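Source file structure-v4.pdb; content: PDB, C-alpha atoms.
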```
ATOM      1  CA  MET I  23      75.132  83.464  74.156
ATOM      2  CA  ALA I  24      76.016  84.402  77.697
ATOM      3  CA  ASP I  25      73.360  85.800  80.058
ATOM      4  CA  LEU I  26      72.352  89.356  79.243
ATOM      5  CA  LEU I  27      73.552  92.091  81.553
ATOM      6  CA  GLY I  28      71.070  93.768  83.879
ATOM      7  CA  THR I  29      70.393  97.503  83.779
ATOM      8  CA  PHE I  30      72.601  98.164  86.788
ATOM      9  CA  GLU I  31      75.457  96.081  85.418
ATOM     10  CA  GLN I  32      75.233  97.894  82.088
ATOM     11  CA  SER I  33      75.263 101.210  83.875
ATOM     12  CA  VAL I  34      78.357 100.271  85.906
ATOM     13  CA  LEU I  35      80.230  98.964  82.850
ATOM     14  CA  LEU I  36      79.337 102.025  80.766
ATOM     15  CA  SER I  37      80.412 104.311  83.614
ATOM     16  CA  ILE I  38      83.798 102.601  83.788
ATOM     17  CA  LEU I  39      84.187 102.936  80.027
ATOM     18  CA  SER I  40      83.234 106.627  80.003
ATOM     19  CA  LEU I  41      85.478 107.454  82.958
ATOM     20  CA  GLY I  42      88.484 105.814  81.301
ATOM     21  CA  GLU I  43      91.627 106.131  83.393
ATOM     22  CA  GLY I  44      89.759 107.774  86.262
ATOM     23  CA  ALA I  45      87.359 104.900  86.933
ATOM     24  CA  TYR I  46      87.660 104.279  90.656
ATOM     25  CA  GLY I  47      84.926 103.492  93.172
ATOM     26  CA  ARG I  48      83.759 107.001  94.061
ATOM     27  CA  ALA I  49      83.748 108.241  90.461
ATOM     28  CA  ILE I  50      81.832 105.148  89.311
ATOM     29  CA  LEU I  51      79.281 105.604  92.112
ATOM     30  CA  ASN I  52      78.645 109.228  91.097
ATOM     31  CA  ARG I  53      78.498 108.412  87.374
ATOM     32  CA  VAL I  54      76.021 105.552  87.935
ATOM     33  CA  GLN I  55      73.839 107.854  90.060
ATOM     34  CA  GLY I  56      73.916 110.436  87.282
ATOM     35  CA  SER I  57      73.053 107.993  84.526
ATOM     36  CA  LEU I  58      70.249 106.229  86.416
ATOM     37  CA  GLN I  59      69.044 109.518  87.936
ATOM     38  CA  ARG I  60      68.393 108.051  91.346
ATOM     39  CA  ASN I  61      70.204 107.545  94.619
ATOM     40  CA  VAL I  62      72.498 104.556  94.433
ATOM     41  CA  THR I  63      74.228 103.037  97.448
ATOM     42  CA  ALA I  64      77.905 102.183  97.538
ATOM     43  CA  GLY I  65      77.083  98.628  98.606
ATOM     44  CA  ALA I  66      75.116  98.051  95.403
ATOM     45  CA  VAL I  67      77.903  99.432  93.213
ATOM     46  CA  TYR I  68      80.703  97.514  94.935
ATOM     47  CA  SER I  69      78.812  94.213  94.961
ATOM     48  CA  THR I  70      78.145  94.674  91.229
ATOM     49  CA  LEU I  71      81.825  95.406  90.653
ATOM     50  CA  GLU I  72      82.659  92.292  92.672
ATOM     51  CA  ARG I  73      80.333  90.189  90.523
ATOM     52  CA  LEU I  74      81.664  91.651  87.279
ATOM     53  CA  GLU I  75      85.240  91.048  88.382
ATOM     54  CA  ALA I  76      84.440  87.464  89.367
ATOM     55  CA  SER I  77      82.996  86.970  85.854
ATOM     56  CA  SER I  78      86.197  88.476  84.351
ATOM     57  CA  LEU I  79      84.249  91.322  82.754
ATOM     58  CA  VAL I  80      86.300  93.941  84.606
ATOM     59  CA  ARG I  81      89.657  93.944  86.334
ATOM     60  CA  SER I  82      91.028  96.219  89.005
ATOM     61  CA  ARG I  83      94.342  97.557  90.188
ATOM     62  CA  LEU I  84      95.361  99.442  93.322
ATOM     63  CA  ALA I  85      96.901 102.903  93.201
ATOM     64  CA  ALA I  86      98.280 105.199  95.868
ATOM     65  CA  GLY I  87      95.804 107.121  98.005
ATOM     66  CA  THR I  88      95.546 110.865  98.545
ATOM     67  CA  ALA I  89      95.634 112.923 101.725
ATOM     68  CA  VAL I  90      91.883 113.568 101.685
ATOM     69  CA  ARG I  91      91.320 109.793 101.826
ATOM     70  CA  GLY I  92      93.666 109.477 104.785
ATOM     71  CA  GLY I  93      96.221 107.829 102.500
ATOM     72  CA  ARG I  94      93.929 104.905 101.695
ATOM     73  CA  ALA I  95      94.558 103.271  98.327
ATOM     74  CA  ARG I  96      92.259 103.752  95.338
ATOM     75  CA  ARG I  97      91.071 100.777  93.306
ATOM     76  CA  TYR I  98      90.800 101.572  89.597
ATOM     77  CA  TYR I  99      88.626  99.457  87.303
ATOM     78  CA  THR I 100      89.000  98.622  83.618
ATOM     79  CA  VAL I 101      86.468  96.896  81.361
ATOM     80  CA  MET I 102      88.000  93.817  79.768
ATOM     81  CA  ALA I 103      87.296  92.559  76.241
ATOM     82  CA  ALA I 104      84.732  90.090  77.607
ATOM     83  CA  GLY I 105      82.937  92.998  79.298
ATOM     84  CA  GLN I 106      82.769  94.970  76.065
ATOM     85  CA  ARG I 107      81.444  91.905  74.236
ATOM     86  CA  ALA I 108      78.798  91.390  76.926
ATOM     87  CA  LEU I 109      77.690  95.023  76.561
ATOM     88  CA  SER I 110      77.443  94.717  72.772
ATOM     89  CA  GLU I 111      75.491  91.457  72.984
ATOM     90  CA  THR I 112      73.090  92.933  75.512
ATOM     91  CA  ARG I 113      72.519  95.991  73.347
ATOM     92  CA  ARG I 114      71.961  93.845  70.250
ATOM     93  CA  ALA I 115      69.522  91.575  72.078
ATOM     94  CA  LEU I 116      67.568  94.492  73.557
ATOM     95  CA  THR I 117      67.360  96.230  70.189
ATOM     96  CA  ALA I 118      66.054  93.008  68.602
ATOM     97  CA  ILE I 119      63.480  92.581  71.356
ATOM     98  CA  TRP I 120      62.211  96.184  70.995
ATOM     99  CA  GLN I 121      62.372  96.353  67.182
ATOM    100  CA  ASN I 122      58.850  95.202  66.351
ATOM    101  CA  ALA I 123      57.209  96.093  69.616
ATOM    102  CA  GLN I 124      53.942  98.020  69.390
ATOM    103  CA  LEU I 125      53.436  99.687  72.690
ATOM    104  CA  PRO I 126      49.840 100.493  73.584
ATOM    105  CA  VAL I 127      51.016 102.994  76.174
ATOM    106  CA  GLU I 128      54.013 105.138  75.344
ATOM    107  CA  GLU I 129      54.459 106.801  78.693
ATOM    108  CA  LYS I 130      52.073 107.610  81.502
ATOM    109  CA  ARG I 131      52.687 110.706  83.543
TER
ATOM    110  CA  MET C   6      85.432 124.112 112.581
ATOM    111  CA  SER C   7      88.324 121.757 113.046
ATOM    112  CA  GLY C   8      89.447 119.341 110.396
ATOM    113  CA  ASN C   9      88.183 116.468 112.467
ATOM    114  CA  ASP C  10      84.629 117.826 112.189
ATOM    115  CA  GLN C  11      84.693 117.123 108.461
ATOM    116  CA  SER C  12      85.153 113.394 108.974
ATOM    117  CA  PRO C  13      82.441 110.741 108.897
ATOM    118  CA  PRO C  14      81.255 109.389 112.267
ATOM    119  CA  ARG C  15      84.080 107.296 113.686
ATOM    120  CA  TRP C  16      81.776 104.469 114.816
ATOM    121  CA  ALA C  17      80.235 104.195 111.354
ATOM    122  CA  GLU C  18      83.660 104.060 109.731
ATOM    123  CA  THR C  19      84.737 101.342 112.178
ATOM    124  CA  LEU C  20      81.561  99.384 111.454
ATOM    125  CA  LEU C  21      82.239  99.673 107.720
ATOM    126  CA  GLU C  22      85.788  98.389 108.249
ATOM    127  CA  CYS C  23      84.332  95.401 110.114
ATOM    128  CA  LEU C  24      81.962  94.595 107.266
ATOM    129  CA  LEU C  25      84.733  94.514 104.662
ATOM    130  CA  CYS C  26      87.700  92.213 104.211
ATOM    131  CA  ALA C  27      91.265  93.503 104.126
ATOM    132  CA  ALA C  28      91.577  93.340 100.328
ATOM    133  CA  VAL C  29      88.862  95.927  99.629
ATOM    134  CA  ARG C  30      88.685  97.749 102.975
ATOM    135  CA  ASP C  31      91.050 100.614 102.154
ATOM    136  CA  ALA C  32      89.550 101.331  98.748
ATOM    137  CA  VAL C  33      85.914 101.349  99.891
ATOM    138  CA  VAL C  34      86.469 103.247 103.148
ATOM    139  CA  GLY C  35      88.698 105.729 101.309
ATOM    140  CA  ASP C  36      86.129 106.300  98.544
ATOM    141  CA  LEU C  37      83.335 107.006 101.016
ATOM    142  CA  HIS C  38      85.593 109.182 103.174
ATOM    143  CA  GLU C  39      86.575 111.201 100.113
ATOM    144  CA  GLU C  40      82.961 111.655  99.007
ATOM    145  CA  TYR C  41      81.945 112.677 102.527
ATOM    146  CA  VAL C  42      84.736 115.231 102.944
ATOM    147  CA  GLU C  43      84.742 116.698  99.431
ATOM    148  CA  ALA C  44      81.074 116.567  98.452
ATOM    149  CA  MET C  45      78.542 115.573 101.105
ATOM    150  CA  ALA C  46      79.607 117.572 104.164
ATOM    151  CA  PRO C  47      80.201 120.908 102.322
ATOM    152  CA  ARG C  48      77.058 120.563 100.169
ATOM    153  CA  ARG C  49      74.530 119.042 102.570
ATOM    154  CA  GLY C  50      75.817 119.930 106.022
ATOM    155  CA  ARG C  51      77.078 117.714 108.799
ATOM    156  CA  LEU C  52      73.836 115.991 109.837
ATOM    157  CA  ARG C  53      72.653 115.033 106.341
ATOM    158  CA  ALA C  54      76.157 113.980 105.376
ATOM    159  CA  ASP C  55      76.290 111.720 108.449
ATOM    160  CA  LEU C  56      72.929 110.193 107.509
ATOM    161  CA  TRP C  57      74.176 109.643 103.952
ATOM    162  CA  TYR C  58      77.305 107.929 105.286
ATOM    163  CA  ILE C  59      75.340 105.667 107.638
ATOM    164  CA  ARG C  60      73.055 104.678 104.749
ATOM    165  CA  GLN C  61      76.095 103.769 102.654
ATOM    166  CA  VAL C  62      77.525 101.644 105.505
ATOM    167  CA  MET C  63      74.198  99.860 105.936
ATOM    168  CA  SER C  64      74.167  99.042 102.224
ATOM    169  CA  PHE C  65      77.088  96.643 102.833
ATOM    170  CA  VAL C  66      75.179  94.646 105.461
ATOM    171  CA  PRO C  67      73.229  92.434 102.972
ATOM    172  CA  SER C  68      76.394  91.283 101.206
ATOM    173  CA  PHE C  69      78.056  90.746 104.588
ATOM    174  CA  LEU C  70      75.145  88.572 105.763
ATOM    175  CA  LYS C  71      75.146  86.703 102.465
ATOM    176  CA  GLU C  72      78.791  85.804 102.937
ATOM    177  CA  LEU C  73      78.236  84.581 106.512
ATOM    178  CA  GLY C  74      77.042  81.233 105.231
ATOM    179  CA  PRO C  75      74.235  79.194 106.787
ATOM    180  CA  MET C  76      76.049  78.263 110.010
ATOM    181  CA  GLY C  77      77.280  81.818 110.522
ATOM    182  CA  LYS C  78      73.748  83.168 110.143
ATOM    183  CA  VAL C  79      72.384  80.650 112.661
ATOM    184  CA  LEU C  80      75.175  81.475 115.117
ATOM    185  CA  VAL C  81      74.692  85.266 114.835
ATOM    186  CA  GLY C  82      70.890  84.882 115.012
ATOM    187  CA  SER C  83      70.976  82.607 118.055
ATOM    188  CA  SER C  84      73.553  84.851 119.762
ATOM    189  CA  LEU C  85      71.281  87.858 119.275
ATOM    190  CA  PHE C  86      68.315  85.902 120.635
ATOM    191  CA  THR C  87      70.240  84.629 123.670
ATOM    192  CA  MET C  88      71.593  88.126 124.314
ATOM    193  CA  ALA C  89      68.048  89.539 124.260
ATOM    194  CA  CYS C  90      66.884  86.757 126.646
ATOM    195  CA  ALA C  91      69.770  87.454 129.039
ATOM    196  CA  CYS C  92      69.082  91.208 129.055
ATOM    197  CA  TRP C  93      65.388  90.573 129.660
ATOM    198  CA  LEU C  94      66.243  88.189 132.516
ATOM    199  CA  ALA C  95      68.567  90.746 134.114
ATOM    200  CA  PHE C  96      65.869  93.424 133.781
ATOM    201  CA  MET C  97      63.210  91.201 135.383
ATOM    202  CA  GLU C  98      65.552  90.240 138.238
ATOM    203  CA  MET C  99      66.212  93.911 138.846
ATOM    204  CA  ILE C 100      62.476  94.598 139.140
ATOM    205  CA  LEU C 101      61.474  91.502 141.161
ATOM    206  CA  ARG C 102      64.515  91.518 143.480
ATOM    207  CA  HIS C 103      64.127  87.957 144.769
ATOM    208  CA  ALA C 104      66.787  86.544 147.115
ATOM    209  CA  GLY C 105      70.169  86.295 145.381
ATOM    210  CA  TYR C 106      69.109  88.524 142.497
ATOM    211  CA  GLY C 107      72.518  90.211 142.291
ATOM    212  CA  THR C 108      74.256  86.958 141.349
ATOM    213  CA  ARG C 109      71.619  86.158 138.743
ATOM    214  CA  ILE C 110      71.877  89.642 137.220
ATOM    215  CA  GLY C 111      75.668  89.222 137.031
ATOM    216  CA  LEU C 112      75.265  85.822 135.397
ATOM    217  CA  ALA C 113      72.739  87.118 132.864
ATOM    218  CA  LEU C 114      74.995  90.054 131.957
ATOM    219  CA  CYS C 115      77.964  87.660 131.548
ATOM    220  CA  ILE C 116      75.882  85.581 129.120
ATOM    221  CA  ALA C 117      74.923  88.734 127.197
ATOM    222  CA  ILE C 118      78.597  89.735 126.964
ATOM    223  CA  ILE C 119      79.585  86.229 125.752
ATOM    224  CA  CYS C 120      76.944  86.452 123.015
ATOM    225  CA  ALA C 121      78.069  89.962 122.026
ATOM    226  CA  LEU C 122      81.675  88.724 121.845
ATOM    227  CA  THR C 123      80.610  85.776 119.706
ATOM    228  CA  ILE C 124      79.004  88.165 117.211
ATOM    229  CA  LEU C 125      81.996  90.515 117.300
ATOM    230  CA  VAL C 126      84.481  87.666 116.786
ATOM    231  CA  ARG C 127      82.602  86.822 113.626
ATOM    232  CA  MET C 128      82.408  90.446 112.497
ATOM    233  CA  LEU C 129      85.929  91.503 113.466
ATOM    234  CA  HIS C 130      87.522  88.232 112.331
ATOM    235  CA  ALA C 131      89.285  87.995 115.699
ATOM    236  CA  GLY C 132      92.117  85.526 116.119
ATOM    237  CA  ALA C 133      92.219  82.067 117.608
ATOM    238  CA  SER C 134      93.050  83.398 121.091
ATOM    239  CA  ILE C 135      89.592  84.938 121.586
ATOM    240  CA  GLU C 136      87.937  81.930 119.960
ATOM    241  CA  ARG C 137      89.621  79.664 122.515
ATOM    242  CA  TRP C 138      88.129  81.730 125.360
ATOM    243  CA  LEU C 139      84.726  81.530 123.732
ATOM    244  CA  TRP C 140      85.048  77.739 123.634
ATOM    245  CA  ILE C 141      85.417  77.789 127.430
ATOM    246  CA  CYS C 142      82.432  80.171 127.646
ATOM    247  CA  ALA C 143      80.419  77.807 125.437
ATOM    248  CA  ALA C 144      81.181  74.909 127.789
ATOM    249  CA  ALA C 145      80.152  77.130 130.730
ATOM    250  CA  LEU C 146      76.861  78.015 128.981
ATOM    251  CA  ILE C 147      76.081  74.323 128.511
ATOM    252  CA  GLY C 148      76.920  73.679 132.179
ATOM    253  CA  ILE C 149      74.728  76.547 133.439
ATOM    254  CA  GLY C 150      71.867  75.587 131.121
ATOM    255  CA  ALA C 151      72.005  71.898 132.076
ATOM    256  CA  GLU C 152      72.183  72.714 135.789
ATOM    257  CA  ALA C 153      69.165  75.063 135.525
ATOM    258  CA  PHE C 154      67.267  72.468 133.480
ATOM    259  CA  PHE C 155      67.725  69.609 135.969
ATOM    260  CA  ARG C 156      67.184  71.806 139.033
ATOM    261  CA  ASN C 157      63.952  73.076 137.484
ATOM    262  CA  ALA C 158      62.860  69.548 136.551
ATOM    263  CA  ARG C 159      63.381  68.326 140.149
ATOM    264  CA  SER C 160      61.752  71.394 141.694
ATOM    265  CA  PRO C 161      58.165  71.073 142.981
ATOM    266  CA  HIS C 162      57.346  74.330 141.145
ATOM    267  CA  PHE C 163      58.229  73.718 137.494
ATOM    268  CA  GLU C 164      58.743  77.056 135.739
ATOM    269  CA  GLY C 165      58.255  77.285 132.000
ATOM    270  CA  PHE C 166      60.540  80.268 131.405
ATOM    271  CA  VAL C 167      63.449  78.583 133.240
ATOM    272  CA  PHE C 168      62.898  75.525 131.028
ATOM    273  CA  VAL C 169      63.024  77.658 127.852
ATOM    274  CA  ILE C 170      66.047  79.688 128.948
ATOM    275  CA  SER C 171      67.999  76.595 130.028
ATOM    276  CA  LEU C 172      67.339  74.990 126.647
ATOM    277  CA  VAL C 173      68.392  78.198 124.862
ATOM    278  CA  LEU C 174      71.662  78.268 126.846
ATOM    279  CA  VAL C 175      72.476  74.625 126.072
ATOM    280  CA  LEU C 176      71.695  75.073 122.367
ATOM    281  CA  GLN C 177      73.700  78.319 122.192
ATOM    282  CA  GLY C 178      76.676  76.611 123.840
ATOM    283  CA  LEU C 179      76.474  73.600 121.525
ATOM    284  CA  LEU C 180      76.222  75.852 118.455
ATOM    285  CA  MET C 181      79.255  77.838 119.582
ATOM    286  CA  LEU C 182      81.235  74.622 120.123
ATOM    287  CA  MET C 183      80.228  73.386 116.677
ATOM    288  CA  THR C 184      81.050  76.558 114.772
ATOM    289  CA  LEU C 185      83.794  78.496 116.574
ATOM    290  CA  GLY C 186      87.247  77.318 115.669
ATOM    291  CA  ARG C 187      86.072  75.589 112.505
ATOM    292  CA  ARG C 188      87.580  77.813 109.841
ATOM    293  CA  GLY C 189      85.119  76.896 107.131
ATOM    294  CA  ALA C 190      82.061  76.779 109.324
ATOM    295  CA  PHE C 191      81.038  80.411 108.873
ATOM    296  CA  ALA C 192      81.227  80.701 105.155
ATOM    297  CA  SER C 193      79.504  78.775 102.440
ATOM    298  CA  GLY C 194      82.828  78.241 100.715
ATOM    299  CA  PRO C 195      86.006  76.655 102.017
ATOM    300  CA  LYS C 196      87.872  79.867 102.730
ATOM    301  CA  GLY C 197      86.204  80.777 106.014
ATOM    302  CA  HIS C 198      86.594  84.234 107.542
ATOM    303  CA  ASP C 199      88.168  86.047 104.635
ATOM    304  CA  GLU C 200      85.092  85.538 102.473
ATOM    305  CA  VAL C 201      83.381  88.664 103.813
ATOM    306  CA  PHE C 202      82.771  90.991 100.864
ATOM    307  CA  CYS C 203      86.072  90.129  99.334
ATOM    308  CA  PRO C 204      86.026  89.839  95.570
ATOM    309  CA  HIS C 205      89.713  89.154  95.370
ATOM    310  CA  SER C 206      89.799  86.147  97.691
ATOM    311  CA  GLY C 207      87.830  84.081  95.273
ATOM    312  CA  ALA C 208      89.526  85.273  92.096
TER
END
```
Can the structure from this file be put into structure tokens for me?
Amino acid sequence: MADLLGTFEQSVLLSILSLGEGAYGRAILNRVQGSLQRNVTAGAVYSTLERLEASSLVRSRLAAGTAVRGGRARRYYTVMAAGQRALSETRRALTAIWQNAQLPVEEKR
Amino acid sequence: MSGNDQSPPRWAETLLECLLCAAVRDAVVGDLHEEYVEAMAPRRGRLRADLWYIRQVMSFVPSFLKELGPMGKVLVGSSLFTMACACWLAFMEMILRHAGYGTRIGLALCIAIICALTILVRMLHAGASIERWLWICAAALIGIGAEAFFRNARSPHFEGFVFVISLVLVLQGLLMLMTLGRRGAFASGPKGHDEVFCPHSGA
């Protein structure tokens, strides 16, 4: 089995999947911030995207920019089959790990 | 408020462009520009939006440094150190005002500028023409350092700080000669300059 995905990687991949056709950098950044409920920097998101693309878990394509971006191109991301498999494997592994766990402390506030 | 007021700080945008390679530059700069104009500036106000933008730019520095490779890191680090030494030297000369201090201040400032250019060449991926000039500057640094070293060694009053600075100049010059112009010297991989935060160069 391949290495399990980290929390941040899972969050980025799931954001791309939920955004569908509109998964470009800014939208992914905002979606990841929303799902993790903390401030996330663009550098962290783009370096994760870089790593995922190098591992062939996502692919990207360039599209025309808009006026508000000063005409700069947008890069749209798509999760590849390998990325979806990695997500499923990670979920399965985490579920198996947590299945018989008896936590002494549920949650401290 | 003019339209220009709703743009991120120009210097920060330029710095971001320097930290990214051509393949991803447009997409990343465009995304952050869009977020700044459409969300951050209207919601948080100019100052907080600027701070947000600067924080985003700074978040690309670690990956930029990672891609510098070991030799690149040593070169940038030593250039920063030499630049600080040269500025300190110029400052001390200005206070002490010994005979011929003007020339020494000029020389120290020239060294600081050479070091700044060395760092910028690495960051801006400047072409071979500037690198060639820096090769000449590197040779000059070695010459100045060696001359100061031997003059200090022969002098009846040996001065420790001149010894240290002359060594720093010689080492800086040698490092520049070793790394500048060698395409693969900056990066850990064989692709050289275009490795800077560039997912698509390695794909």
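Coordinates place CA of Leu179 (chain C) at a distance of 29.7 Å from CA of Phe65 (chain C).
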Name the residues that the PyMOL selection byres ((chain C and resi 182) around 12) pulls out of this structure, and write them as a PyMOL selection string.
-> chain C and resi 76+80+123+136-147+175-181+183-187+190
Create the file for the chosen residues now, containing C-alpha atoms and written as an mmCIF file, keeping the file's coordinate frame.
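Produced file again_38.cif, reproduced below:
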```cif
data_model
loop_
_atom_site.group_PDB
_atom_site.id
_atom_site.type_symbol
_atom_site.label_atom_id
_atom_site.label_comp_id
_atom_site.auth_asym_id
_atom_site.auth_seq_id
_atom_site.Cartn_x
_atom_site.Cartn_y
_atom_site.Cartn_z
ATOM 1 C CA MET C 76 76.049 78.263 110.010
ATOM 2 C CA LEU C 80 75.175 81.475 115.117
ATOM 3 C CA THR C 123 80.610 85.776 119.706
ATOM 4 C CA GLU C 136 87.937 81.930 119.960
ATOM 5 C CA ARG C 137 89.621 79.664 122.515
ATOM 6 C CA TRP C 138 88.129 81.730 125.360
ATOM 7 C CA LEU C 139 84.726 81.530 123.732
ATOM 8 C CA TRP C 140 85.048 77.739 123.634
ATOM 9 C CA ILE C 141 85.417 77.789 127.430
ATOM 10 C CA CYS C 142 82.432 80.171 127.646
ATOM 11 C CA ALA C 143 80.419 77.807 125.437
ATOM 12 C CA ALA C 144 81.181 74.909 127.789
ATOM 13 C CA ALA C 145 80.152 77.130 130.730
ATOM 14 C CA LEU C 146 76.861 78.015 128.981
ATOM 15 C CA ILE C 147 76.081 74.323 128.511
ATOM 16 C CA VAL C 175 72.476 74.625 126.072
ATOM 17 C CA LEU C 176 71.695 75.073 122.367
ATOM 18 C CA GLN C 177 73.700 78.319 122.192
ATOM 19 C CA GLY C 178 76.676 76.611 123.840
ATOM 20 C CA LEU C 179 76.474 73.600 121.525
ATOM 21 C CA LEU C 180 76.222 75.852 118.455
ATOM 22 C CA MET C 181 79.255 77.838 119.582
ATOM 23 C CA MET C 183 80.228 73.386 116.677
ATOM 24 C CA THR C 184 81.050 76.558 114.772
ATOM 25 C CA LEU C 185 83.794 78.496 116.574
ATOM 26 C CA GLY C 186 87.247 77.318 115.669
ATOM 27 C CA ARG C 187 86.072 75.589 112.505
ATOM 28 C CA ALA C 190 82.061 76.779 109.324
#
```
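Taking CA of Pro67 (chain C) and CA of Glu18 (chain C) as endpoints, the distance between them is 17.0 Å.
Considering all atoms listed in the file, the residue among I:Leu51, I:Ala45, I:Leu79, I:Val90 positioned nearest to chain C is I:Val90.
You can rank C:Phe154, C:Phe168, C:Phe163, C:Tyr41 by their closest distance to chain I using all atoms listed in the file, and at the top of that list sits C:Tyr41.
Residues from chain C that have an atom within 6 Å of chain I, counting only C-alpha atoms, are C:Asp31, C:Ala32, C:Gly35, C:Asp36, C:His38, C:Glu39, C:Gln61, C:Ser64, C:Phe65, C:Pro204.
Using all atoms listed in the file, the shortest contact distance between Pro13 (chain C) and any of C:Ala46, C:Cys26, C:Ser160, C:Ala121 is found at C:Ala46.
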Could you pull the residues within 9 Å of Ile38 (chain I), counting all atoms listed in the file, minus those fewer than 5 positions along the same chain, as a short mmCIF file (atom, residue, chain, number, x, y, z; two decimals) with C-alpha atoms, in the frame of the given file?
```
data_model
loop_
_atom_site.label_atom_id
_atom_site.label_comp_id
_atom_site.auth_asym_id
_atom_site.auth_seq_id
_atom_site.Cartn_x
_atom_site.Cartn_y
_atom_site.Cartn_z
CA SER I 33 75.26 101.21 83.88
CA GLU I 43 91.63 106.13 83.39
CA GLY I 44 89.76 107.77 86.26
CA ALA I 45 87.36 104.90 86.93
CA TYR I 46 87.66 104.28 90.66
CA ALA I 49 83.75 108.24 90.46
CA ILE I 50 81.83 105.15 89.31
CA ARG I 53 78.50 108.41 87.37
CA TYR I 99 88.63 99.46 87.30
CA THR I 100 89.00 98.62 83.62
CA VAL I 101 86.47 96.90 81.36
#
```
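Using all atoms listed in the file, the residues found no farther than 12 Å from Arg156 (chain C), other than those of its own chain fewer than 6 positions away, are Ile149, Gly150, His162, Phe163, Glu164, Val167, Phe168 and Ser171 of chain C.
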Residues from last step as file, C-alpha atoms, as a compact mmCIF listing (two decimals), in the coordinates of the input:
```txt
# COMPACT_ATOMS: atom_id res chain seq x y z
CA ILE C 149 74.73 76.55 133.44
CA GLY C 150 71.87 75.59 131.12
CA HIS C 162 57.35 74.33 141.15
CA PHE C 163 58.23 73.72 137.49
CA GLU C 164 58.74 77.06 135.74
CA VAL C 167 63.45 78.58 133.24
CA PHE C 168 62.90 75.53 131.03
CA SER C 171 68.00 76.60 130.03
```
Once the PyMOL selection byres ((chain C and resi 109) around 12) has been applied to the shown file, what residues remain in the selection, as a list of chain:residue names?
-> C:Ala91, C:Cys92, C:Trp93, C:Leu94, C:Ala95, C:Phe96, C:Met97, C:Glu98, C:Met99, C:Leu101, C:Arg102, C:His103, C:Ala104, C:Gly105, C:Tyr106, C:Gly107, C:Thr108, C:Ile110, C:Gly111, C:Leu112, C:Ala113, C:Leu114, C:Cys115, C:Ile116, C:Ile149, C:Ala153
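If you look at CA of Val169 (chain C) and CA of Ile100 (chain C), they are 20.4 Å away from each other.
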Any idea what's packed within 10 Å of Arg113 (chain I), counting only C-alpha atoms, ignoring anything in its chain fewer than 4 positions away? Could you give it as JSON, numbers by chain?
-> {"I": [26, 27, 32, 107, 108, 109, 117, 118, 119]}
